[in-house]
Amino acid sequence: MKWLQAVRQIARVKSRWYSGMHDTLDHVTGIEKRELLAHMAGDCDPFRIMAIKKGPGTRERPNMIPSAYCSRIMGCVCCPEDNHLEYMWLHMGYPKRCGCGYWFELCPVAPL
Ligand SMILES: [Zn+2]
């Protein structure tokens with residue numbers, strides 16, 4: 001009856017292995033995993049897509065827009081009463097003025 005005890009022992013170990021849910025971190029891969037790790041590290045905006053409050057926005061002190069690439073499209077709320085955004089492309093090293101008069105410039109950040 002030693003074989004029966006061995007089978008029961010194996011069944012007990014297997015049920016312990018498969019009884020619980022796996023951690024989400026074990027399932028995700030690639031960019032999703034890096035995003036999850038950034039959230040766990042306390043970075044709530046790893047892709048830098050949240051709205052940025054405008055600063056002075058002059059030519060000498062433009063609003064800095066973070067980007068991990070050499071170009072980025074951004075939307076400006078030129079007038080709070082408007083129901084639309086003014087979109088424009090920004091390129092690294094070339095500050096650009098929006099139609100409302102604010103200046104914007106890309107600032108490099110590390111990619112996720
Ligand atoms: Zn604008």
# chains A, B, ... in the order shown; residues from 1 in each chain; ligands from 1
$ residues_near_ligand --ligand "ligand 1" --cutoff "10 Å" --atoms "only C-alpha atoms and all ligand atoms" --output "number ranges by chain"
A: 54, 75-79, 85-88, 97-104
$ residues_around --residues "range 32-48 of chain A" --least-positions-apart "4" --cutoff "8 Å" --atoms "only C-alpha atoms" --output "VMD selection string"
chain A and resid 25 28 66 to 67 112
$ atom_distance --atom1 "CA of Met64 in chain A" --atom2 "CA of Pro108 in chain A"
9.4 Å
$ residues_around --residues "Pro95 in chain A" --least-positions-apart "4" --cutoff "9 Å" --atoms "only C-alpha atoms" --output "list in words"
Arg59, Pro62, Leu90, His91, Trp103, Phe104, Glu105 and Leu106 of chain A
$ select_by_dssp --residues "chain A" --states "alpha helix (DSSP H)" --output "PyMOL selection string"
chain A and resi 2-19+24-27+30-40
$ write_last_selection --atoms "N, CA, C and O atoms" --output "compact mmCIF listing (two decimals), in the first residue's frame"
# COMPACT_ATOMS: atom_id res chain seq x y z
N LYS A 2 2.16 1.08 -0.16
CA LYS A 2 3.03 2.26 -0.21
C LYS A 2 2.73 3.11 -1.44
O LYS A 2 2.81 4.33 -1.38
N TRP A 3 2.39 2.46 -2.55
CA TRP A 3 2.09 3.23 -3.77
C TRP A 3 0.87 4.11 -3.60
O TRP A 3 0.80 5.22 -4.12
N LEU A 4 -0.13 3.64 -2.80
CA LEU A 4 -1.33 4.43 -2.56
C LEU A 4 -1.01 5.68 -1.74
O LEU A 4 -1.49 6.78 -2.03
N GLN A 5 -0.13 5.51 -0.75
CA GLN A 5 0.29 6.68 0.03
C GLN A 5 1.04 7.69 -0.85
O GLN A 5 0.87 8.90 -0.72
N ALA A 6 1.86 7.16 -1.76
CA ALA A 6 2.62 8.04 -2.65
C ALA A 6 1.67 8.81 -3.57
O ALA A 6 1.85 10.01 -3.80
N VAL A 7 0.64 8.14 -4.11
CA VAL A 7 -0.32 8.80 -4.98
C VAL A 7 -1.08 9.89 -4.21
O VAL A 7 -1.28 11.00 -4.70
N ARG A 8 -1.48 9.57 -2.98
CA ARG A 8 -2.19 10.57 -2.17
C ARG A 8 -1.28 11.78 -1.87
O ARG A 8 -1.74 12.91 -1.87
N GLN A 9 -0.02 11.49 -1.59
CA GLN A 9 0.93 12.58 -1.32
C GLN A 9 1.06 13.49 -2.54
O GLN A 9 1.03 14.72 -2.44
N ILE A 10 1.18 12.87 -3.73
CA ILE A 10 1.29 13.66 -4.97
C ILE A 10 0.01 14.46 -5.19
O ILE A 10 0.06 15.64 -5.55
N ALA A 11 -1.15 13.87 -4.95
CA ALA A 11 -2.43 14.58 -5.13
C ALA A 11 -2.51 15.77 -4.19
O ALA A 11 -2.99 16.85 -4.56
N ARG A 12 -2.04 15.60 -2.94
CA ARG A 12 -2.06 16.70 -1.98
C ARG A 12 -1.16 17.85 -2.44
O ARG A 12 -1.53 19.01 -2.41
N VAL A 13 0.04 17.53 -2.92
CA VAL A 13 0.97 18.56 -3.39
C VAL A 13 0.40 19.28 -4.60
O VAL A 13 0.43 20.50 -4.68
N LYS A 14 -0.16 18.52 -5.56
CA LYS A 14 -0.74 19.14 -6.76
C LYS A 14 -1.90 20.05 -6.41
O LYS A 14 -2.04 21.13 -6.98
N SER A 15 -2.75 19.62 -5.46
CA SER A 15 -3.89 20.47 -5.11
C SER A 15 -3.42 21.76 -4.45
O SER A 15 -4.03 22.81 -4.60
N ARG A 16 -2.31 21.69 -3.72
CA ARG A 16 -1.76 22.90 -3.12
C ARG A 16 -1.22 23.84 -4.21
O ARG A 16 -1.36 25.04 -4.14
N TRP A 17 -0.60 23.26 -5.25
CA TRP A 17 -0.05 24.07 -6.34
C TRP A 17 -1.15 24.81 -7.10
O TRP A 17 -1.02 25.96 -7.44
N TYR A 18 -2.23 24.10 -7.39
CA TYR A 18 -3.26 24.67 -8.26
C TYR A 18 -4.44 25.27 -7.52
O TYR A 18 -5.41 25.67 -8.13
N SER A 19 -4.39 25.35 -6.22
CA SER A 19 -5.56 25.80 -5.47
C SER A 19 -5.71 27.33 -5.49
O SER A 19 -6.82 27.83 -5.49
N THR A 24 -0.87 38.56 -10.55
CA THR A 24 -0.98 39.21 -11.85
C THR A 24 0.40 39.48 -12.44
O THR A 24 0.59 39.37 -13.64
N LEU A 25 1.34 39.80 -11.60
CA LEU A 25 2.69 40.12 -12.06
C LEU A 25 3.35 38.93 -12.76
O LEU A 25 4.21 39.09 -13.61
N ASP A 26 2.91 37.70 -12.43
CA ASP A 26 3.46 36.51 -13.08
C ASP A 26 2.91 36.32 -14.48
O ASP A 26 3.50 35.62 -15.30
N HIS A 27 1.76 36.93 -14.79
CA HIS A 27 1.11 36.72 -16.08
C HIS A 27 1.45 37.77 -17.12
O HIS A 27 1.53 37.47 -18.30
N GLY A 30 6.10 42.30 -21.12
CA GLY A 30 6.38 43.44 -21.98
C GLY A 30 6.02 44.78 -21.36
O GLY A 30 6.23 45.03 -20.18
N ILE A 31 5.43 45.66 -22.20
CA ILE A 31 5.13 47.03 -21.79
C ILE A 31 4.10 47.05 -20.66
O ILE A 31 4.15 47.90 -19.78
N GLU A 32 3.17 46.08 -20.67
CA GLU A 32 2.17 46.02 -19.61
C GLU A 32 2.82 45.72 -18.26
O GLU A 32 2.44 46.28 -17.24
N LYS A 33 3.83 44.85 -18.27
CA LYS A 33 4.53 44.53 -17.02
C LYS A 33 5.31 45.74 -16.52
O LYS A 33 5.31 46.04 -15.33
N ARG A 34 5.95 46.46 -17.45
CA ARG A 34 6.70 47.65 -17.04
C ARG A 34 5.77 48.73 -16.50
O ARG A 34 6.10 49.44 -15.56
N GLU A 35 4.57 48.85 -17.09
CA GLU A 35 3.58 49.79 -16.58
C GLU A 35 3.14 49.40 -15.18
O GLU A 35 3.05 50.24 -14.28
N LEU A 36 2.88 48.12 -14.97
CA LEU A 36 2.45 47.63 -13.66
C LEU A 36 3.54 47.85 -12.62
O LEU A 36 3.26 48.28 -11.49
N LEU A 37 4.79 47.59 -12.99
CA LEU A 37 5.90 47.81 -12.06
C LEU A 37 6.06 49.29 -11.73
O LEU A 37 6.36 49.65 -10.59
N ALA A 38 5.84 50.17 -12.73
CA ALA A 38 5.93 51.61 -12.47
C ALA A 38 4.83 52.04 -11.51
O ALA A 38 5.07 52.85 -10.61
N HIS A 39 3.62 51.50 -11.68
CA HIS A 39 2.52 51.83 -10.76
C HIS A 39 2.87 51.35 -9.35
O HIS A 39 2.61 52.05 -8.37
N MET A 40 3.44 50.15 -9.25
CA MET A 40 3.80 49.61 -7.93
C MET A 40 4.90 50.45 -7.29
O MET A 40 4.97 50.55 -6.07
$ atom_distance --atom1 "CA of Cys70 in chain A" --atom2 "CA of Asn83 in chain A"
29.0 Å
$ closest_residue --among "A:Gly20, A:His84, A:Lys96, A:Ile49" --to "Ala68 in chain A" --atoms "only C-alpha atoms"
A:Ile49
$ atom_distance --atom1 "CA of Asp23 in chain A" --atom2 "CA of Ala110 in chain A"
27.6 Å
